[in-house]
file input.cif (mmCIF, C-alpha atoms and all ligand atoms)
data_protein
loop_
_atom_site.label_atom_id
_atom_site.label_comp_id
_atom_site.auth_asym_id
_atom_site.auth_seq_id
_atom_site.Cartn_x
_atom_site.Cartn_y
_atom_site.Cartn_z
CA MET A 1 121.20 98.62 76.39
CA PRO A 2 124.12 98.85 78.80
CA THR A 3 127.07 96.54 78.15
CA ASP A 4 127.24 93.16 79.90
CA ILE A 5 128.62 93.10 83.42
CA PRO A 6 132.08 91.46 83.70
CA GLY A 7 131.52 90.29 87.27
CA ILE A 8 131.42 91.19 90.93
CA HIS A 9 132.92 94.53 91.98
CA HIS A 10 132.88 93.99 95.77
CA VAL A 11 131.04 92.08 98.48
CA THR A 12 130.11 93.76 101.76
CA ALA A 13 129.47 91.78 104.93
CA ILE A 14 128.67 92.47 108.57
CA GLY A 15 131.22 91.52 111.21
CA SER A 16 131.79 92.05 114.91
CA ASP A 17 135.29 92.68 116.32
CA PRO A 18 137.15 94.97 113.88
CA GLY A 19 140.62 93.86 115.06
CA GLU A 20 139.85 90.18 114.57
CA ASN A 21 138.32 90.92 111.20
CA LEU A 22 141.39 92.88 110.10
CA ALA A 23 143.82 90.20 111.31
CA PHE A 24 141.88 87.41 109.57
CA TYR A 25 141.55 89.05 106.16
CA THR A 26 145.11 90.44 106.07
CA ASP A 27 147.37 88.08 108.11
CA THR A 28 145.49 84.84 107.45
CA LEU A 29 143.93 85.29 103.98
CA GLY A 30 146.70 87.60 102.76
CA LEU A 31 144.52 90.36 101.34
CA ARG A 32 145.64 93.98 101.60
CA LEU A 33 143.75 96.56 103.67
CA VAL A 34 143.10 99.00 100.81
CA LYS A 35 140.82 101.48 102.58
CA ARG A 36 140.03 102.28 106.19
CA SER A 37 136.93 104.42 106.41
CA VAL A 38 133.56 104.55 108.16
CA ASN A 39 130.10 103.31 107.30
CA GLN A 40 128.69 106.40 105.56
CA ASP A 41 125.24 105.60 107.01
CA ASP A 42 126.55 105.01 110.58
CA THR A 43 129.87 106.75 111.18
CA SER A 44 130.49 105.08 114.57
CA VAL A 45 131.34 101.91 112.67
CA TYR A 46 134.37 101.25 110.50
CA HIS A 47 134.14 100.31 106.86
CA LEU A 48 137.19 98.14 106.13
CA PHE A 49 138.05 97.29 102.52
CA TYR A 50 140.35 94.38 101.63
CA GLY A 51 141.59 93.42 98.19
CA ASP A 52 144.57 92.81 95.93
CA TYR A 53 147.47 95.29 96.01
CA GLU A 54 145.39 97.99 94.27
CA GLY A 55 141.95 97.00 95.49
CA SER A 56 141.00 96.25 91.90
CA PRO A 57 137.34 95.66 91.05
CA GLY A 58 136.65 91.96 91.52
CA THR A 59 138.97 91.62 94.53
CA SER A 60 137.38 93.78 97.20
CA MET A 61 135.79 92.19 100.26
CA THR A 62 134.48 94.90 102.57
CA TYR A 63 133.23 94.80 106.14
CA PHE A 64 131.10 96.75 108.56
CA PRO A 65 132.49 95.42 111.88
CA TYR A 66 129.98 96.35 114.61
CA PRO A 67 131.86 95.54 117.86
CA ASN A 68 128.75 94.25 119.66
CA ALA A 69 126.89 92.87 116.66
CA ARG A 70 124.61 89.95 117.29
CA PRO A 71 125.22 86.94 115.07
CA GLY A 72 122.96 86.89 112.02
CA GLN A 73 121.38 83.88 110.36
CA VAL A 74 122.80 82.75 107.04
CA GLY A 75 119.83 81.69 104.93
CA THR A 76 117.53 82.35 102.04
CA GLY A 77 117.40 85.82 100.53
CA GLN A 78 121.14 86.27 101.05
CA ALA A 79 124.50 85.64 99.47
CA SER A 80 125.20 82.63 101.70
CA THR A 81 128.80 81.90 100.65
CA VAL A 82 131.60 84.06 99.25
CA GLN A 83 134.06 82.26 96.96
CA PHE A 84 137.65 83.36 96.34
CA LEU A 85 139.74 82.26 93.36
CA ILE A 86 143.13 80.59 93.93
CA PRO A 87 145.52 78.94 91.47
CA ASP A 88 145.08 75.26 90.67
CA GLY A 89 147.14 73.08 93.00
CA SER A 90 146.93 75.45 95.99
CA ILE A 91 144.26 73.68 98.04
CA GLU A 92 146.70 71.74 100.23
CA TYR A 93 148.73 74.87 100.95
CA TRP A 94 145.58 76.62 102.11
CA ARG A 95 144.26 73.71 104.12
CA GLU A 96 147.50 73.70 106.09
CA ARG A 97 147.72 77.49 106.37
CA LEU A 98 144.16 77.86 107.65
CA THR A 99 144.44 74.88 110.02
CA ASP A 100 147.69 76.29 111.46
CA ALA A 101 145.88 79.60 112.03
CA GLY A 102 143.18 77.82 114.03
CA VAL A 103 140.50 78.23 111.38
CA ASP A 104 137.79 75.58 111.25
CA VAL A 105 138.32 74.10 107.77
CA ASP A 106 136.04 71.54 106.14
CA GLU A 107 137.30 68.71 103.94
CA PRO A 108 138.10 69.82 100.39
CA THR A 109 135.35 68.90 97.97
CA GLU A 110 134.82 69.02 94.21
CA ARG A 111 132.16 71.05 92.43
CA PHE A 112 131.68 71.29 88.66
CA GLY A 113 135.23 69.88 88.24
CA ASP A 114 136.97 72.39 90.55
CA ALA A 115 138.59 71.68 93.93
CA VAL A 116 136.80 73.71 96.63
CA LEU A 117 137.92 74.33 100.23
CA PRO A 118 135.10 75.48 102.54
CA PHE A 119 135.74 77.32 105.82
CA GLN A 120 134.34 80.21 107.87
CA ASP A 121 135.58 83.64 108.85
CA PRO A 122 135.77 84.62 112.57
CA ASP A 123 132.08 85.64 112.57
CA GLY A 124 130.96 82.42 110.91
CA LEU A 125 130.49 83.73 107.37
CA PRO A 126 130.84 80.76 104.99
CA LEU A 127 133.79 81.22 102.62
CA GLU A 128 135.25 78.95 99.96
CA LEU A 129 138.51 78.85 98.05
CA VAL A 130 138.00 77.62 94.49
CA ALA A 131 141.13 76.36 92.68
CA ARG A 132 141.23 76.81 88.91
CA THR A 133 143.82 76.62 86.15
CA ASP A 134 142.43 79.84 84.63
CA ALA A 135 143.09 81.93 87.77
CA PRO A 136 144.65 85.16 86.43
CA ALA A 137 148.10 86.20 87.70
CA GLY A 138 146.47 89.30 89.16
CA ASN A 139 148.21 91.66 91.52
CA PRO A 140 148.24 90.06 94.98
CA PRO A 141 150.23 91.66 97.83
CA ASP A 142 153.82 90.28 98.19
CA ALA A 143 153.21 88.99 101.71
CA PRO A 144 152.26 87.03 103.75
CA VAL A 145 150.97 84.46 101.21
CA PRO A 146 153.43 83.50 98.43
CA GLU A 147 152.30 84.74 95.03
CA SER A 148 152.04 81.19 93.69
CA HIS A 149 149.17 80.47 96.13
CA ALA A 150 147.69 83.93 96.77
CA ILE A 151 144.00 84.71 96.46
CA ARG A 152 143.47 86.43 93.10
CA GLY A 153 140.10 87.96 93.92
CA PHE A 154 136.56 86.65 93.89
CA PHE A 155 135.51 83.54 92.07
CA GLY A 156 131.86 84.28 92.85
CA VAL A 157 129.04 84.01 95.34
CA THR A 158 126.31 81.52 96.15
CA LEU A 159 122.86 83.02 96.54
CA SER A 160 120.48 81.05 98.75
CA LEU A 161 116.94 81.35 97.38
CA ASP A 162 113.43 79.99 97.81
CA SER A 163 113.28 79.81 94.02
CA ALA A 164 115.96 80.36 91.37
CA ASP A 165 113.27 81.86 89.11
CA SER A 166 113.25 84.94 91.35
CA THR A 167 116.77 85.90 90.30
CA ALA A 168 117.77 84.09 87.08
CA PRO A 169 116.03 86.54 84.68
CA LEU A 170 117.85 89.52 86.20
CA LEU A 171 121.21 87.70 86.02
CA ARG A 172 120.62 86.94 82.35
CA GLU A 173 119.78 90.60 81.76
CA MET A 174 123.10 91.48 83.41
CA GLY A 175 125.03 89.23 80.97
CA PHE A 176 125.36 86.04 83.02
CA GLN A 177 124.68 82.70 81.24
CA GLU A 178 123.77 79.38 82.76
CA THR A 179 126.84 77.09 82.50
CA ALA A 180 126.18 74.15 84.83
CA SER A 181 123.57 72.64 87.08
CA GLU A 182 123.62 69.90 89.68
CA GLY A 183 121.10 69.15 92.40
CA ASP A 184 119.83 72.39 93.92
CA ARG A 185 122.66 74.49 92.42
CA THR A 186 122.68 76.26 89.05
CA ARG A 187 125.74 78.23 88.00
CA TYR A 188 125.62 81.44 85.98
CA GLU A 189 128.82 82.95 84.58
CA SER A 190 129.80 86.27 83.06
CA ALA A 191 132.71 86.92 80.70
CA GLY A 192 135.13 88.57 83.17
CA ASP A 193 138.15 86.86 84.74
CA LEU A 194 137.29 87.61 88.40
CA GLY A 195 134.01 87.39 90.29
CA TYR A 196 132.34 85.83 87.28
CA ALA A 197 130.36 83.00 88.92
CA VAL A 198 126.98 83.32 90.60
CA ASP A 199 125.54 80.07 91.92
CA LEU A 200 121.80 80.07 92.55
CA ARG A 201 121.05 77.56 95.27
CA GLU A 202 117.39 76.72 95.54
CA ASP A 203 116.81 75.78 99.15
CA PRO A 204 113.28 76.59 100.34
CA GLN A 205 113.82 74.44 103.49
CA ALA A 206 116.72 76.63 104.70
CA PRO A 207 116.04 79.23 107.38
CA ARG A 208 115.25 82.72 106.21
CA GLY A 209 118.43 84.81 106.29
CA GLN A 210 118.62 87.42 109.08
CA PRO A 211 121.11 90.29 109.05
CA GLY A 212 123.84 90.30 111.70
CA ALA A 213 127.48 89.36 112.20
CA GLY A 214 128.63 86.67 109.79
CA THR A 215 126.21 87.53 106.99
CA VAL A 216 126.61 89.27 103.64
CA HIS A 217 124.99 92.70 103.43
CA HIS A 218 125.11 93.07 99.65
CA VAL A 219 126.83 91.95 96.47
CA ALA A 220 128.08 94.70 94.15
CA PHE A 221 128.51 94.16 90.41
CA GLN A 222 130.93 96.14 88.27
CA VAL A 223 129.54 98.66 85.78
CA THR A 224 130.95 101.61 83.86
CA GLN A 225 130.00 105.19 84.69
CA ALA A 226 128.60 105.52 81.15
CA ASP A 227 126.21 102.61 81.77
CA GLN A 228 125.13 103.42 85.34
CA ALA A 229 121.94 105.33 84.45
CA ASP A 230 120.98 102.70 81.85
CA TRP A 231 121.23 100.00 84.50
CA ARG A 232 118.73 101.91 86.64
CA GLU A 233 116.33 101.85 83.71
CA VAL A 234 116.85 98.12 83.18
CA LEU A 235 116.06 97.51 86.84
CA GLN A 236 112.96 99.71 86.70
CA ALA A 237 111.81 97.93 83.54
CA GLN A 238 112.00 94.68 85.53
CA GLY A 239 109.58 96.19 88.05
CA LEU A 240 112.31 96.67 90.68
CA ARG A 241 112.92 99.84 92.69
CA PRO A 242 116.57 100.92 92.40
CA THR A 243 117.95 103.80 94.48
CA GLU A 244 119.23 106.98 92.89
CA ILE A 245 122.92 106.99 91.92
CA ILE A 246 124.81 107.49 95.21
CA ASP A 247 128.35 108.88 95.33
CA ARG A 248 130.42 106.52 97.53
CA LYS A 249 133.66 108.44 96.79
CA TRP A 250 135.58 105.40 95.43
CA PHE A 251 132.71 104.34 93.18
CA GLU A 252 129.16 105.39 92.37
CA SER A 253 126.40 103.05 93.43
CA VAL A 254 122.85 102.03 92.66
CA TYR A 255 121.27 99.56 95.10
CA VAL A 256 118.31 97.33 94.43
CA ARG A 257 116.51 94.63 96.41
CA THR A 258 116.10 91.71 94.02
CA ARG A 259 112.98 89.52 93.91
CA GLY A 260 114.87 86.73 95.69
CA GLY A 261 115.57 89.11 98.60
CA VAL A 262 119.30 89.61 97.97
CA LEU A 263 120.50 93.22 97.94
CA PHE A 264 122.45 93.94 94.74
CA GLU A 265 124.56 97.02 94.07
CA PHE A 266 125.74 98.28 90.70
CA ALA A 267 129.10 99.96 91.42
CA THR A 268 131.30 101.83 88.94
CA GLU A 269 134.86 100.60 88.42
CA ALA A 270 136.12 104.22 88.62
CA PRO A 271 137.52 106.24 90.31
CA GLY A 272 138.82 103.50 92.64
CA TYR A 273 140.63 103.44 95.98
CA THR A 274 143.65 105.51 94.85
CA VAL A 275 141.51 108.61 94.27
CA ASP A 276 142.25 109.94 97.77
CA GLU A 277 145.51 108.30 98.93
CA PRO A 278 148.70 107.08 97.22
CA LEU A 279 148.84 103.43 96.14
CA ASP A 280 151.70 102.55 98.50
CA GLU A 281 149.87 104.05 101.50
CA LEU A 282 146.42 102.52 101.02
CA GLY A 283 144.77 101.66 104.32
CA GLU A 284 147.27 103.43 106.57
CA GLN A 285 145.07 106.44 107.44
CA LEU A 286 141.42 106.80 108.34
CA ILE A 287 139.99 108.20 105.11
CA LEU A 288 136.74 110.15 105.13
CA PRO A 289 134.88 111.43 102.10
CA GLU A 290 135.08 115.23 101.96
CA TRP A 291 131.46 115.63 103.13
CA LEU A 292 132.40 113.97 106.45
CA GLU A 293 135.82 115.61 106.86
CA ASP A 294 134.54 118.47 109.07
CA ARG A 295 133.30 115.88 111.58
CA ARG A 296 136.64 113.99 111.68
CA ALA A 297 137.45 114.64 115.37
CA GLU A 298 134.03 113.49 116.53
CA ILE A 299 134.07 110.46 114.21
CA GLU A 300 137.58 109.37 115.26
CA ALA A 301 136.63 109.66 118.94
CA SER A 302 133.62 107.37 118.48
CA LEU A 303 135.51 104.59 116.64
CA PRO A 304 137.02 101.62 118.47
CA GLU A 305 140.81 101.36 118.59
CA LEU A 306 142.32 99.39 115.75
CA SER A 307 145.96 98.49 115.34
CA ILE A 308 146.86 98.56 111.69
CA PRO A 309 149.25 95.85 110.49
CA SER A 310 152.79 97.16 110.21
CA THR A 311 153.98 94.41 107.87
CA PRO A 312 154.55 95.80 104.38
CA ASN A 313 151.88 94.72 101.96
ZN ZN A 401 128.77 98.18 98.39
#

call {"tool": "encode", "arguments": {"input": "input.cif", "output": "structure tokens"}}
result
Amino acid sequence: MPTDIPGIHHVTAIGSDPGENLAFYTDTLGLRLVKRSVNQDDTSVYHLFYGDYEGSPGTSMTYFPYPNARPGQVGTGQASTVQFLIPDGSIEYWRERLTDAGVDVDEPTERFGDAVLPFQDPDGLPLELVARTDAPAGNPPDAPVPESHAIRGFFGVTLSLDSADSTAPLLREMGFQETASEGDRTRYESAGDLGYAVDLREDPQAPRGQPGAGTVHHVAFQVTQADQADWREVLQAQGLRPTEIIDRKWFESVYVRTRGGVLFEFATEAPGYTVDEPLDELGEQLILPEWLEDRRAEIEASLPELSIPSTPN
């Protein structure tokens, strides 16, 4: 048996305007652009990776910003909300910061004893900040958000499902335990300190999720390289059809469509984003995996212009 999964490795979503996306996740949310690359399955589209200073597993929100993407439908069979972890006592700071930035922010609410601030990104993807006393110090960028309030990484995701039974057995297999339940929401938690919460929200009345701007493409969970092949076997034993192990340069990946419809990825924590550029220069250059390097001129010409933030982070 592979070892239990500590939590989420990254979350990948679909966006539209790459410049707006970059400005929102760096200037407004205060994450660092830790990798600027292309979608390896469609190289005319950027793949932008945001995270803490190092892009540590558990902090990395990534985007495929298709400039003319049609809006998707958030709904069942998807991760319908992405939750970020902030220190306890930081909700008011964030409410003011987001409101000042023109972000549509909902009233803070409380869930399972934690203060939660719901809002949306520029493409309408539902996001939440979850304030907790156990938020790790982490390694957030120095600016623009003061360290005392900075996003530490993921808290978790909410999966919108017709039935929680479609997904709960797999989560348990992965090392997540049920910790709380209220109404249509059941929380599962792993033992890690980031990205450890997966809320299953049973909502058969909700619209079926449709891919497009403002929707999550997949949720990746963190595994070790030693365990990667074993995870494929676990998935096959559950009657699922995982992909082969795919080399994504910064991690190795196995993808699987779960019974609830959500696309999961099992991504290795190594080698990480510093494998092909120095830590203090992450995100400054367009980075291509070596198998795309001979097409660099053509790829660069087909990408939209993007002005990279010059503020140190
Ligand atoms: Zn991924």

call {"tool": "atom_distance", "arguments": {"input": "input.cif", "atom1": "atom CA of A:Thr59", "atom2": "atom CA of A:Phe154"}}
result
5.6 Å

call {"tool": "residues_near_ligand", "arguments": {"input": "input.cif", "ligand": "ligand ZN 401 (chain A)", "cutoff": "8 Å", "atoms": "only C-alpha atoms and all ligand atoms", "output": "list in words"}}
result
His10, Val11, Thr12, Thr62, His218, Val219, Ala220, Ser253, Glu265 and Ala267 of chain A

call {"tool": "atom_distance", "arguments": {"input": "input.cif", "atom1": "atom CA of A:Glu110", "atom2": "atom CA of A:Pro136"}}
result
20.4 Å

call {"tool": "closest_residue", "arguments": {"input": "input.cif", "among": "A:Ala164, A:Val130, A:Ala79, A:Ala226", "to": "A:Ala13", "atoms": "all atoms listed in the file"}}
result
A:Ala79

call {"tool": "residues_around", "arguments": {"input": "input.cif", "residues": "A:Gly77", "least_positions_apart": "5", "cutoff": "9 Å", "atoms": "all atoms listed in the file", "output": "PyMOL selection string"}}
result
chain A and resi 159-162+208-210+258-263

call {"tool": "atom_distance", "arguments": {"input": "input.cif", "atom1": "atom CA of A:Leu200", "atom2": "atom CA of A:Gly183"}}
result
10.9 Å

call {"tool": "closest_residue", "arguments": {"input": "input.cif", "among": "A:Ala301, A:Leu286, A:Met174, A:Met61", "to": "A:Gly15", "atoms": "all atoms listed in the file"}}
result
A:Met61

call {"tool": "closest_residue", "arguments": {"input": "input.cif", "among": "A:His217, A:Arg95, A:Lys249, A:Arg111", "to": "A:Leu288", "atoms": "all atoms listed in the file"}}
result
A:Lys249

call {"tool": "residues_near_point", "arguments": {"input": "input.cif", "point": "(132.5, 98.1, 78.4)", "cutoff": "8 Å", "atoms": "all atoms listed in the file", "output": "PyMOL selection string"}}
result
chain A and resi 3-4+223-224

call {"tool": "write_last_selection", "arguments": {"input": "input.cif", "atoms": "C-alpha atoms", "output": "PDB file, in the coordinates of the input"}}
result
ATOM      1  CA  THR A   3     127.070  96.540  78.150  1.00  0.00           C
ATOM      2  CA  ASP A   4     127.240  93.160  79.900  1.00  0.00           C
ATOM      3  CA  VAL A 223     129.540  98.660  85.780  1.00  0.00           C
ATOM      4  CA  THR A 224     130.950 101.610  83.860  1.00  0.00           C
TER       5      THR A 224
END

call {"tool": "residues_around", "arguments": {"input": "input.cif", "residues": "A:Ala237", "least_positions_apart": "5", "cutoff": "12 Å", "atoms": "all atoms listed in the file", "output": "number ranges by chain"}}
result
A: 1, 170, 173, 230-232, 242

call {"tool": "closest_residue", "arguments": {"input": "input.cif", "among": "A:Asn21, A:Thr274, A:Thr215, A:Thr81", "to": "A:Val198", "atoms": "only C-alpha atoms"}}
result
A:Thr81

call {"tool": "closest_residue", "arguments": {"input": "input.cif", "among": "A:Asp276, A:Glu284, A:Glu20, A:Asp100", "to": "A:Pro122", "atoms": "all atoms listed in the file"}}
result
A:Glu20

call {"tool": "closest_atom_pairs", "arguments": {"input": "input.cif", "of": "stretch 118-231 of chain A", "to": "stretch 28-38 of chain A", "cutoff": "10 Å", "atoms": "all atoms listed in the file", "output": "CSV"}}
result
residue,atom,partner,partner_atom,distance
A:Asp121,CA,A:Leu29,CA,9.8
A:Pro140,CA,A:Leu31,CA,7.4
A:Pro141,CA,A:Arg32,CA,6.4
A:Asp142,CA,A:Gly30,CA,8.9
A:Ala143,CA,A:Gly30,CA,6.7
A:Pro144,CA,A:Gly30,CA,5.7
A:Val145,CA,A:Gly30,CA,5.5
A:Pro146,CA,A:Gly30,CA,9.0
A:Glu147,CA,A:Gly30,CA,10.0
A:Ala150,CA,A:Gly30,CA,7.1
A:Ile151,CA,A:Gly30,CA,7.4
A:Arg152,CA,A:Leu31,CA,9.2
A:Gly153,CA,A:Leu31,CA,9.0

call {"tool": "residues_around", "arguments": {"input": "input.cif", "residues": "stretch 126-129 of chain A", "least_positions_apart": "5", "cutoff": "7 Å", "atoms": "only C-alpha atoms", "output": "list in words"}}
result
Ser80, Thr81, Val82, Gln83, Phe84, Leu85, Ile86, Val116, Leu117, Pro118, Phe119, Gln120 and Asp121 of chain A

call {"tool": "closest_residue", "arguments": {"input": "input.cif", "among": "A:Thr43, A:Ser307, A:Gln205, A:Thr268", "to": "A:Arg248", "atoms": "only C-alpha atoms"}}
result
A:Thr268

call {"tool": "residues_around", "arguments": {"input": "input.cif", "residues": "A:Val45", "least_positions_apart": "6", "cutoff": "7 Å", "atoms": "all atoms listed in the file", "output": "list of chain:residue names"}}
result
A:Val38, A:Asn39, A:Phe64, A:Pro65, A:Tyr66, A:Leu303

call {"tool": "residues_around", "arguments": {"input": "input.cif", "residues": "A:Glu244", "least_positions_apart": "3", "cutoff": "12 Å", "atoms": "only C-alpha atoms", "output": "PyMOL selection string"}}
result
chain A and resi 228-233+235-236+241+247+252-256+265-266

call {"tool": "build_atoms", "arguments": {"input": "input.cif", "residues": "stretch 278-303 of chain A", "atoms": "N, CA and C atoms", "output": "compact mmCIF listing (two decimals), keeping the file's coordinate frame"}}
result
# COMPACT_ATOMS: atom_id res chain seq x y z
N PRO A 278 147.76 107.71 98.16
CA PRO A 278 148.70 107.08 97.22
C PRO A 278 148.65 105.56 97.32
N LEU A 279 148.92 104.90 96.21
CA LEU A 279 148.84 103.43 96.14
C LEU A 279 149.64 102.75 97.24
N ASP A 280 150.86 103.25 97.51
CA ASP A 280 151.70 102.55 98.50
C ASP A 280 151.31 102.86 99.94
N GLU A 281 150.31 103.74 100.13
CA GLU A 281 149.87 104.05 101.50
C GLU A 281 148.43 103.65 101.76
N LEU A 282 147.84 102.90 100.85
CA LEU A 282 146.42 102.52 101.02
C LEU A 282 146.21 101.87 102.39
N GLY A 283 145.16 102.30 103.07
CA GLY A 283 144.77 101.66 104.32
C GLY A 283 145.46 102.18 105.56
N GLU A 284 146.50 103.00 105.40
CA GLU A 284 147.27 103.43 106.57
C GLU A 284 146.53 104.48 107.40
N GLN A 285 145.77 105.34 106.74
CA GLN A 285 145.07 106.44 107.44
C GLN A 285 143.58 106.19 107.42
N LEU A 286 142.88 106.78 108.40
CA LEU A 286 141.42 106.80 108.34
C LEU A 286 141.02 107.81 107.27
N ILE A 287 140.38 107.33 106.22
CA ILE A 287 139.99 108.20 105.11
C ILE A 287 138.49 108.49 105.21
N LEU A 288 138.15 109.77 105.14
CA LEU A 288 136.74 110.15 105.13
C LEU A 288 136.44 110.85 103.82
N PRO A 289 135.26 110.62 103.25
CA PRO A 289 134.88 111.43 102.10
C PRO A 289 134.76 112.90 102.53
N GLU A 290 134.95 113.81 101.58
CA GLU A 290 135.08 115.23 101.96
C GLU A 290 133.85 115.75 102.71
N TRP A 291 132.67 115.13 102.46
CA TRP A 291 131.46 115.63 103.13
C TRP A 291 131.40 115.19 104.60
N LEU A 292 132.33 114.33 105.02
CA LEU A 292 132.40 113.97 106.45
C LEU A 292 133.64 114.54 107.13
N GLU A 293 134.52 115.18 106.34
CA GLU A 293 135.82 115.61 106.86
C GLU A 293 135.68 116.60 108.02
N ASP A 294 134.67 117.49 107.98
CA ASP A 294 134.54 118.47 109.07
C ASP A 294 134.07 117.83 110.38
N ARG A 295 133.69 116.57 110.34
CA ARG A 295 133.30 115.88 111.58
C ARG A 295 134.38 114.87 112.01
N ARG A 296 135.61 115.00 111.45
CA ARG A 296 136.64 113.99 111.68
C ARG A 296 136.92 113.75 113.17
N ALA A 297 137.08 114.82 113.96
CA ALA A 297 137.45 114.64 115.37
C ALA A 297 136.39 113.83 116.11
N GLU A 298 135.14 114.20 115.88
CA GLU A 298 134.03 113.49 116.53
C GLU A 298 133.96 112.03 116.05
N ILE A 299 134.15 111.82 114.76
CA ILE A 299 134.07 110.46 114.21
C ILE A 299 135.21 109.59 114.75
N GLU A 300 136.44 110.15 114.76
CA GLU A 300 137.58 109.37 115.26
C GLU A 300 137.39 108.99 116.73
N ALA A 301 136.82 109.92 117.50
CA ALA A 301 136.63 109.66 118.94
C ALA A 301 135.61 108.54 119.18
N SER A 302 134.67 108.36 118.26
CA SER A 302 133.62 107.37 118.48
C SER A 302 133.98 105.99 117.93
N LEU A 303 135.12 105.88 117.22
CA LEU A 303 135.51 104.59 116.64
C LEU A 303 136.33 103.77 117.63
